[in-house]
>>> print(open('protein_7.pdb').read())   # PDB, C-alpha atoms
MODEL        1
ATOM      1  CA  CYS A   1     -14.184   8.911 -73.841  1.00  0.00           C
ATOM      2  CA  PRO A   2     -12.302  12.197 -74.198  1.00  0.00           C
ATOM      3  CA  ALA A   3     -10.039  13.708 -71.533  1.00  0.00           C
ATOM      4  CA  GLY A   4     -12.065  15.031 -68.618  1.00  0.00           C
ATOM      5  CA  SER A   5     -14.485  12.114 -68.733  1.00  0.00           C
ATOM      6  CA  TYR A   6     -14.657   8.398 -67.983  1.00  0.00           C
ATOM      7  CA  SER A   7     -16.739   5.350 -68.737  1.00  0.00           C
ATOM      8  CA  GLY A   8     -17.276   2.563 -66.230  1.00  0.00           C
ATOM      9  CA  ALA A   9     -17.369  -1.133 -67.121  1.00  0.00           C
ATOM     10  CA  GLY A  10     -20.368  -1.907 -69.314  1.00  0.00           C
ATOM     11  CA  ALA A  11     -21.347   1.760 -69.690  1.00  0.00           C
ATOM     12  CA  SER A  12     -22.439   2.932 -73.152  1.00  0.00           C
ATOM     13  CA  THR A  13     -21.885   6.642 -72.490  1.00  0.00           C
ATOM     14  CA  CYS A  14     -19.160   8.856 -71.081  1.00  0.00           C
ATOM     15  CA  ALA A  15     -19.573  10.882 -67.876  1.00  0.00           C
ATOM     16  CA  ALA A  16     -17.709  14.019 -66.867  1.00  0.00           C
ATOM     17  CA  CYS A  17     -15.143  13.604 -64.120  1.00  0.00           C
ATOM     18  CA  PRO A  18     -16.859  14.769 -60.910  1.00  0.00           C
ATOM     19  CA  ALA A  19     -15.644  17.633 -58.743  1.00  0.00           C
ATOM     20  CA  GLY A  20     -12.447  16.676 -56.950  1.00  0.00           C
ATOM     21  CA  SER A  21     -11.098  14.606 -59.843  1.00  0.00           C
ATOM     22  CA  TYR A  22      -9.646  14.893 -63.344  1.00  0.00           C
ATOM     23  CA  SER A  23      -8.558  12.861 -66.374  1.00  0.00           C
ATOM     24  CA  GLY A  24      -5.807  14.045 -68.700  1.00  0.00           C
ATOM     25  CA  VAL A  25      -6.048  11.169 -71.174  1.00  0.00           C
ATOM     26  CA  GLU A  26      -8.712   9.513 -73.278  1.00  0.00           C
ATOM     27  CA  GLY A  27     -10.419   6.205 -72.591  1.00  0.00           C
ATOM     28  CA  VAL A  28     -10.180   5.914 -68.795  1.00  0.00           C
ATOM     29  CA  SER A  29     -12.548   3.932 -66.596  1.00  0.00           C
ATOM     30  CA  THR A  30     -11.988   6.137 -63.518  1.00  0.00           C
ATOM     31  CA  CYS A  31     -10.813   9.687 -62.938  1.00  0.00           C
ATOM     32  CA  ALA A  32      -7.755  10.531 -60.824  1.00  0.00           C
ATOM     33  CA  LEU A  33      -8.507  12.127 -57.435  1.00  0.00           C
ATOM     34  CA  CYS A  34      -7.220  15.486 -56.253  1.00  0.00           C
ATOM     35  CA  PRO A  35      -4.791  14.899 -53.361  1.00  0.00           C
ATOM     36  CA  ALA A  36      -5.892  15.342 -49.747  1.00  0.00           C
ATOM     37  CA  GLY A  37      -5.481  18.920 -48.533  1.00  0.00           C
ATOM     38  CA  SER A  38      -6.641  20.340 -51.860  1.00  0.00           C
ATOM     39  CA  TYR A  39      -9.902  20.533 -53.776  1.00  0.00           C
ATOM     40  CA  SER A  40     -11.454  21.251 -57.152  1.00  0.00           C
ATOM     41  CA  GLY A  41     -15.030  22.284 -57.818  1.00  0.00           C
ATOM     42  CA  ALA A  42     -14.628  21.824 -61.579  1.00  0.00           C
ATOM     43  CA  LEU A  43     -16.597  19.206 -63.502  1.00  0.00           C
ATOM     44  CA  GLY A  44     -14.869  17.509 -66.435  1.00  0.00           C
ATOM     45  CA  ALA A  45     -11.380  18.665 -65.399  1.00  0.00           C
ATOM     46  CA  THR A  46      -8.591  17.577 -67.767  1.00  0.00           C
ATOM     47  CA  ASN A  47      -5.462  18.106 -65.649  1.00  0.00           C
ATOM     48  CA  ALA A  48      -4.162  18.100 -62.089  1.00  0.00           C
ATOM     49  CA  ALA A  49      -3.762  21.895 -62.116  1.00  0.00           C
ATOM     50  CA  THR A  50      -7.459  22.168 -61.224  1.00  0.00           C
ATOM     51  CA  CYS A  51      -6.516  20.667 -57.839  1.00  0.00           C
ATOM     52  CA  ASP A  52      -4.220  23.601 -56.999  1.00  0.00           C
ATOM     53  CA  ASN A  53      -6.822  25.018 -54.620  1.00  0.00           C
ATOM     54  CA  THR A  54      -5.354  24.463 -51.149  1.00  0.00           C
ATOM     55  CA  CYS A  55      -7.569  24.177 -48.075  1.00  0.00           C
ATOM     56  CA  LEU A  56      -7.074  27.270 -45.912  1.00  0.00           C
ATOM     57  CA  THR A  57      -6.235  27.343 -42.225  1.00  0.00           C
ATOM     58  CA  GLY A  58      -9.211  26.034 -40.244  1.00  0.00           C
ATOM     59  CA  SER A  59     -10.291  23.551 -42.902  1.00  0.00           C
ATOM     60  CA  PHE A  60      -9.206  20.223 -44.394  1.00  0.00           C
ATOM     61  CA  SER A  61     -10.043  17.802 -47.197  1.00  0.00           C
ATOM     62  CA  TYR A  62      -9.735  14.132 -47.985  1.00  0.00           C
ATOM     63  CA  ALA A  63      -8.563  12.937 -51.435  1.00  0.00           C
ATOM     64  CA  GLY A  64     -11.120  13.640 -54.156  1.00  0.00           C
ATOM     65  CA  ALA A  65     -12.757  16.609 -52.434  1.00  0.00           C
ATOM     66  CA  GLY A  66     -14.902  19.090 -54.328  1.00  0.00           C
ATOM     67  CA  ALA A  67     -14.619  21.514 -51.393  1.00  0.00           C
ATOM     68  CA  CYS A  68     -12.845  21.772 -48.054  1.00  0.00           C
ATOM     69  CA  MET A  69     -14.613  20.932 -44.788  1.00  0.00           C
ATOM     70  CA  GLN A  70     -14.456  23.294 -41.829  1.00  0.00           C
ATOM     71  CA  CYS A  71     -12.889  22.171 -38.569  1.00  0.00           C
ATOM     72  CA  PRO A  72     -15.326  21.707 -35.668  1.00  0.00           C
ATOM     73  CA  ALA A  73     -16.127  24.735 -33.514  1.00  0.00           C
ATOM     74  CA  THR A  74     -13.245  26.045 -31.320  1.00  0.00           C
ATOM     75  CA  THR A  75     -10.625  24.140 -33.376  1.00  0.00           C
ATOM     76  CA  VAL A  76      -8.154  25.240 -36.044  1.00  0.00           C
ATOM     77  CA  THR A  77      -5.373  23.745 -38.157  1.00  0.00           C
ATOM     78  CA  ALA A  78      -1.702  24.668 -37.842  1.00  0.00           C
ATOM     79  CA  GLY A  79      -1.667  25.895 -41.448  1.00  0.00           C
ATOM     80  CA  SER A  80      -3.133  25.374 -44.896  1.00  0.00           C
ATOM     81  CA  GLY A  81      -3.374  22.079 -46.775  1.00  0.00           C
ATOM     82  CA  SER A  82      -4.626  19.954 -43.868  1.00  0.00           C
ATOM     83  CA  VAL A  83      -5.699  16.449 -44.834  1.00  0.00           C
ATOM     84  CA  ALA A  84      -7.953  15.104 -42.041  1.00  0.00           C
ATOM     85  CA  THR A  85     -10.156  16.034 -39.086  1.00  0.00           C
ATOM     86  CA  SER A  86      -7.308  14.939 -36.825  1.00  0.00           C
ATOM     87  CA  ASP A  87      -5.374  18.015 -38.044  1.00  0.00           C
ATOM     88  CA  CYS A  88      -7.940  20.217 -36.271  1.00  0.00           C
ATOM     89  CA  VAL A  89      -6.718  21.105 -32.775  1.00  0.00           C
ATOM     90  CA  CYS A  90      -8.046  23.373 -30.046  1.00  0.00           C
ATOM     91  CA  ALA A  91      -7.589  27.077 -30.711  1.00  0.00           C
ATOM     92  CA  ARG A  92      -5.601  29.017 -28.111  1.00  0.00           C
ATOM     93  CA  GLY A  93      -7.719  29.561 -25.010  1.00  0.00           C
ATOM     94  CA  GLU A  94     -10.401  27.107 -26.133  1.00  0.00           C
ATOM     95  CA  THR A  95     -11.304  23.647 -24.915  1.00  0.00           C
ATOM     96  CA  LEU A  96     -12.638  20.909 -27.122  1.00  0.00           C
ATOM     97  CA  PHE A  97     -16.284  20.001 -26.608  1.00  0.00           C
ATOM     98  CA  GLU A  98     -16.988  16.898 -24.574  1.00  0.00           C
ATOM     99  CA  PRO A  99     -18.205  13.759 -26.357  1.00  0.00           C
ATOM    100  CA  ALA A 100     -21.960  13.360 -26.136  1.00  0.00           C
ATOM    101  CA  MET A 101     -25.051  11.702 -27.597  1.00  0.00           C
ATOM    102  CA  GLN A 102     -28.090  13.752 -28.570  1.00  0.00           C
ATOM    103  CA  CYS A 103     -31.356  12.261 -29.713  1.00  0.00           C
ATOM    104  CA  GLY A 104     -34.841  13.205 -30.796  1.00  0.00           C
ATOM    105  CA  GLY A 105     -37.828  12.417 -32.973  1.00  0.00           C
ATOM    106  CA  THR A 106     -40.666  10.017 -32.255  1.00  0.00           C
ATOM    107  CA  CYS A 107     -38.692   7.426 -30.241  1.00  0.00           C
ATOM    108  CA  GLY A 108     -38.473   8.038 -26.523  1.00  0.00           C
ATOM    109  CA  CYS A 109     -34.836   8.749 -25.704  1.00  0.00           C
ATOM    110  CA  THR A 110     -32.602  10.710 -23.379  1.00  0.00           C
ATOM    111  CA  SER A 111     -29.500  12.646 -24.445  1.00  0.00           C
ATOM    112  CA  SER A 112     -26.310  11.720 -22.613  1.00  0.00           C
ATOM    113  CA  SER A 113     -22.761  12.899 -21.977  1.00  0.00           C
ATOM    114  CA  GLU A 114     -21.505   9.368 -21.254  1.00  0.00           C
ATOM    115  CA  LEU A 115     -18.552   8.063 -23.302  1.00  0.00           C
ATOM    116  CA  SER A 116     -20.460   4.888 -24.184  1.00  0.00           C
ATOM    117  CA  GLY A 117     -23.951   3.500 -23.870  1.00  0.00           C
ATOM    118  CA  VAL A 118     -26.831   1.642 -25.489  1.00  0.00           C
ATOM    119  CA  LEU A 119     -29.223   3.083 -28.096  1.00  0.00           C
ATOM    120  CA  SER A 120     -32.759   1.777 -28.461  1.00  0.00           C
ATOM    121  CA  ASP A 121     -36.023   2.768 -30.128  1.00  0.00           C
ATOM    122  CA  GLY A 122     -37.740   2.073 -26.796  1.00  0.00           C
ATOM    123  CA  PRO A 123     -39.507  -0.897 -25.192  1.00  0.00           C
ATOM    124  CA  GLY A 124     -41.740  -3.234 -27.203  1.00  0.00           C
ATOM    125  CA  ASN A 125     -42.514  -2.982 -30.902  1.00  0.00           C
ATOM    126  CA  TYR A 126     -41.931   0.322 -32.641  1.00  0.00           C
ATOM    127  CA  ALA A 127     -44.879   2.190 -34.136  1.00  0.00           C
ATOM    128  CA  ASN A 128     -45.597   2.843 -37.820  1.00  0.00           C
ATOM    129  CA  ASN A 129     -43.929   5.889 -39.359  1.00  0.00           C
ATOM    130  CA  GLU A 130     -41.259   6.267 -36.685  1.00  0.00           C
ATOM    131  CA  ASN A 131     -38.726   9.021 -37.323  1.00  0.00           C
ATOM    132  CA  CYS A 132     -35.957   8.948 -34.723  1.00  0.00           C
ATOM    133  CA  TRP A 133     -32.384  10.194 -34.676  1.00  0.00           C
ATOM    134  CA  TRP A 134     -29.261   9.942 -32.530  1.00  0.00           C
ATOM    135  CA  ILE A 135     -26.117  12.062 -33.029  1.00  0.00           C
ATOM    136  CA  ILE A 136     -22.925  10.843 -31.371  1.00  0.00           C
ATOM    137  CA  SER A 137     -20.113  13.407 -31.133  1.00  0.00           C
ATOM    138  CA  GLY A 138     -16.457  13.048 -30.276  1.00  0.00           C
ATOM    139  CA  ALA A 139     -13.234  12.054 -31.993  1.00  0.00           C
ATOM    140  CA  ASN A 140     -14.145   9.308 -34.490  1.00  0.00           C
ATOM    141  CA  PRO A 141     -17.401   8.195 -32.813  1.00  0.00           C
ATOM    142  CA  THR A 142     -18.356   4.549 -33.324  1.00  0.00           C
ATOM    143  CA  VAL A 143     -21.549   2.490 -33.121  1.00  0.00           C
ATOM    144  CA  THR A 144     -21.785  -1.316 -32.944  1.00  0.00           C
ATOM    145  CA  PHE A 145     -25.068  -3.128 -33.543  1.00  0.00           C
ATOM    146  CA  THR A 146     -25.604  -5.992 -31.072  1.00  0.00           C
ATOM    147  CA  SER A 147     -29.311  -6.546 -31.749  1.00  0.00           C
ATOM    148  CA  PHE A 148     -31.250  -5.350 -34.756  1.00  0.00           C
ATOM    149  CA  LEU A 149     -34.731  -6.298 -35.970  1.00  0.00           C
ATOM    150  CA  THR A 150     -36.814  -4.249 -38.411  1.00  0.00           C
ATOM    151  CA  GLU A 151     -39.374  -4.961 -41.100  1.00  0.00           C
ATOM    152  CA  SER A 152     -37.021  -5.473 -44.055  1.00  0.00           C
ATOM    153  CA  CYS A 153     -39.373  -4.070 -46.684  1.00  0.00           C
ATOM    154  CA  CYS A 154     -40.147  -0.784 -45.096  1.00  0.00           C
ATOM    155  CA  ASP A 155     -38.064   0.269 -42.072  1.00  0.00           C
ATOM    156  CA  PHE A 156     -34.438   1.384 -42.222  1.00  0.00           C
ATOM    157  CA  VAL A 157     -31.585   2.698 -40.117  1.00  0.00           C
ATOM    158  CA  HIS A 158     -29.344   5.173 -41.944  1.00  0.00           C
ATOM    159  CA  VAL A 159     -25.778   5.594 -40.624  1.00  0.00           C
ATOM    160  CA  GLU A 160     -24.268   8.964 -41.604  1.00  0.00           C
ATOM    161  CA  GLU A 161     -21.267  11.145 -40.794  1.00  0.00           C
ATOM    162  CA  SER A 162     -20.592  14.871 -41.098  1.00  0.00           C
ATOM    163  CA  ALA A 163     -18.242  17.586 -39.886  1.00  0.00           C
ATOM    164  CA  ASP A 164     -21.364  19.732 -39.407  1.00  0.00           C
ATOM    165  CA  PRO A 165     -23.091  19.068 -36.042  1.00  0.00           C
ATOM    166  CA  SER A 166     -26.434  20.110 -37.557  1.00  0.00           C
ATOM    167  CA  PHE A 167     -26.045  17.618 -40.441  1.00  0.00           C
ATOM    168  CA  LEU A 168     -27.248  20.282 -42.884  1.00  0.00           C
ATOM    169  CA  THR A 169     -24.076  20.096 -45.018  1.00  0.00           C
ATOM    170  CA  GLY A 170     -21.357  17.604 -45.855  1.00  0.00           C
ATOM    171  CA  VAL A 171     -23.379  14.499 -44.960  1.00  0.00           C
ATOM    172  CA  THR A 172     -21.932  11.158 -46.079  1.00  0.00           C
ATOM    173  CA  ARG A 173     -24.101   8.052 -45.777  1.00  0.00           C
ATOM    174  CA  LEU A 174     -22.058   5.110 -44.499  1.00  0.00           C
ATOM    175  CA  ALA A 175     -24.874   2.538 -44.655  1.00  0.00           C
ATOM    176  CA  THR A 176     -28.611   1.974 -44.958  1.00  0.00           C
ATOM    177  CA  LEU A 177     -29.594  -1.052 -42.908  1.00  0.00           C
ATOM    178  CA  SER A 178     -32.633  -3.265 -42.496  1.00  0.00           C
ATOM    179  CA  SER A 179     -33.062  -6.762 -41.106  1.00  0.00           C
ATOM    180  CA  PRO A 180     -31.152  -8.952 -40.972  1.00  0.00           C
ATOM    181  CA  VAL A 181     -27.997  -7.217 -39.705  1.00  0.00           C
ATOM    182  CA  PRO A 182     -25.317  -9.480 -38.185  1.00  0.00           C
ATOM    183  CA  SER A 183     -24.474  -8.795 -34.546  1.00  0.00           C
ATOM    184  CA  GLY A 184     -21.199  -6.941 -34.156  1.00  0.00           C
ATOM    185  CA  ARG A 185     -21.541  -4.786 -37.298  1.00  0.00           C
ATOM    186  CA  THR A 186     -19.576  -1.583 -36.522  1.00  0.00           C
ATOM    187  CA  TYR A 187     -19.480   1.858 -38.164  1.00  0.00           C
ATOM    188  CA  SER A 188     -17.180   4.777 -37.346  1.00  0.00           C
ATOM    189  CA  ALA A 189     -17.185   8.407 -38.431  1.00  0.00           C
ATOM    190  CA  GLY A 190     -13.941   9.751 -39.847  1.00  0.00           C
ATOM    191  CA  GLY A 191     -14.634  13.083 -38.167  1.00  0.00           C
ATOM    192  CA  TRP A 192     -16.576  14.378 -35.185  1.00  0.00           C
ATOM    193  CA  TYR A 193     -20.232  13.476 -35.740  1.00  0.00           C
ATOM    194  CA  LEU A 194     -22.035  10.187 -36.408  1.00  0.00           C
ATOM    195  CA  ARG A 195     -25.813  10.133 -36.891  1.00  0.00           C
ATOM    196  CA  LEU A 196     -28.271   7.232 -36.855  1.00  0.00           C
ATOM    197  CA  ARG A 197     -31.699   7.850 -38.367  1.00  0.00           C
ATOM    198  CA  PHE A 198     -34.511   5.301 -37.975  1.00  0.00           C
ATOM    199  CA  THR A 199     -37.306   5.763 -40.518  1.00  0.00           C
TER     200      THR A 199
ENDMDL
END
>>> encode(input="protein_7.pdb", output="structure tokens")
Amino acid sequence: CPAGSYSGAGASTCAACPAGSYSGVEGVSTCALCPAGSYSGALGATNAATCDNTCLTGSFSYAGAGACMQCPATTVTAGSGSVATSDCVCARGETLFEPAMQCGGTCGCTSSSELSGVLSDGPGNYANNENCWWIISGANPTVTFTSFLTESCCDFVHVEESADPSFLTGVTRLATLSSPVPSGRTYSAGGWYLRLRFT
């Protein structure tokens, strides 16, 4: 494969290096990632110079980013080139939002401002075509499954994270789960928002 592309094990074709990465040599199996705090939107980049875009104040990026992510509302970074959500701190005169859990959809649920709690789809068996969601906010929110039983062919719980409280942009899926799921399985968001969707 030429520079700017890669070919995974067993692949018969070459693919362009995705945004946030590059390859300056031929015949690689993976592309190098742009360093945290920078980004590149270019596809098929052939050198590290494409990663010279630095995240501006109020944003950050992890390694391999195709774009920077904005800090949560009322927070800023001390300068440019920030590398994680933890670099986002309260702006002068602002207070950080309180951790909370919001929920909605077809499952009966109640939103909460408690620091911890139990999530459930409600008493008894769930109905067909459920579509429920829970969004947990706070610094690195975490969920641990202690009991989990769904119809493995058809019903799933999606675990996702985002820096966007509306989950309209920058959504990363951490897992898609169906029975059986071992008790104690834990997932954490690297940022401020963790969403569970039951479909």
>>> residues_around(input="protein_7.pdb", residues="Glu161 (chain A)", least_positions_apart="3", cutoff="9 Å", atoms="all atoms listed in the file", output="number ranges by chain")
A: 164, 167, 170-174, 188-196
>>> resolve_selection(input="protein_7.pdb", expression="the PyMOL selection byres ((chain A and resi 120-128) around 8)", output="PDB file with C-alpha atoms, keeping the file's coordinate frame")
ATOM      1  CA  CYS A 107     -38.692   7.426 -30.241  1.00  0.00           C
ATOM      2  CA  GLY A 108     -38.473   8.038 -26.523  1.00  0.00           C
ATOM      3  CA  CYS A 109     -34.836   8.749 -25.704  1.00  0.00           C
ATOM      4  CA  VAL A 118     -26.831   1.642 -25.489  1.00  0.00           C
ATOM      5  CA  LEU A 119     -29.223   3.083 -28.096  1.00  0.00           C
ATOM      6  CA  ASN A 129     -43.929   5.889 -39.359  1.00  0.00           C
ATOM      7  CA  GLU A 130     -41.259   6.267 -36.685  1.00  0.00           C
ATOM      8  CA  CYS A 132     -35.957   8.948 -34.723  1.00  0.00           C
TER       9      CYS A 132
END
>>> atom_distance(input="protein_7.pdb", atom1="CA of Gly37 (chain A)", atom2="CA of Ser80 (chain A)")
7.8 Å
>>> atom_distance(input="protein_7.pdb", atom1="CA of Ser61 (chain A)", atom2="CA of Cys17 (chain A)")
18.2 Å
>>> residues_around(input="protein_7.pdb", residues="region 5-13 of chain A", least_positions_apart="4", cutoff="10 Å", atoms="all atoms listed in the file", output="list in words")
Cys1, Cys17, Pro18, Ser21, Tyr22, Ser23, Gly24, Val25, Glu26, Gly27, Val28, Ser29, Thr30, Cys31, Leu43, Gly44, Ala45 and Thr46 of chain A
>>> resolve_selection(input="protein_7.pdb", expression="the PyMOL selection byres ((chain A and resi 59) around 12)", output="ChimeraX atom specification")
/A:36-39,54-58,60-62,67-73,75-89,163
>>> resolve_selection(input="protein_7.pdb", expression="the PyMOL selection byres ((chain A and resi 135) around 9)", output="VMD selection string")
chain A and resid 100 to 103 133 to 134 136 to 137 165 193 to 197
>>> residues_near_point(input="protein_7.pdb", point="(-39.0, -2.0, -46.5)", cutoff="12 Å", atoms="only C-alpha atoms", output="list of chain:residue names")
A:Asn128, A:Asn129, A:Thr150, A:Glu151, A:Ser152, A:Cys153, A:Cys154, A:Asp155, A:Phe156, A:Val157, A:Thr176, A:Leu177, A:Ser178, A:Ser179, A:Pro180, A:Thr199
>>> write_last_selection(input="protein_7.pdb", atoms="C-alpha atoms", output="PDB file, in the coordinates of the input")
ATOM      1  CA  ASN A 128     -45.597   2.843 -37.820  1.00  0.00           C
ATOM      2  CA  ASN A 129     -43.929   5.889 -39.359  1.00  0.00           C
ATOM      3  CA  THR A 150     -36.814  -4.249 -38.411  1.00  0.00           C
ATOM      4  CA  GLU A 151     -39.374  -4.961 -41.100  1.00  0.00           C
ATOM      5  CA  SER A 152     -37.021  -5.473 -44.055  1.00  0.00           C
ATOM      6  CA  CYS A 153     -39.373  -4.070 -46.684  1.00  0.00           C
ATOM      7  CA  CYS A 154     -40.147  -0.784 -45.096  1.00  0.00           C
ATOM      8  CA  ASP A 155     -38.064   0.269 -42.072  1.00  0.00           C
ATOM      9  CA  PHE A 156     -34.438   1.384 -42.222  1.00  0.00           C
ATOM     10  CA  VAL A 157     -31.585   2.698 -40.117  1.00  0.00           C
ATOM     11  CA  THR A 176     -28.611   1.974 -44.958  1.00  0.00           C
ATOM     12  CA  LEU A 177     -29.594  -1.052 -42.908  1.00  0.00           C
ATOM     13  CA  SER A 178     -32.633  -3.265 -42.496  1.00  0.00           C
ATOM     14  CA  SER A 179     -33.062  -6.762 -41.106  1.00  0.00           C
ATOM     15  CA  PRO A 180     -31.152  -8.952 -40.972  1.00  0.00           C
ATOM     16  CA  THR A 199     -37.306   5.763 -40.518  1.00  0.00           C
TER      17      THR A 199
END
>>> atom_distance(input="protein_7.pdb", atom1="CA of Val143 (chain A)", atom2="CA of Thr110 (chain A)")
16.9 Å
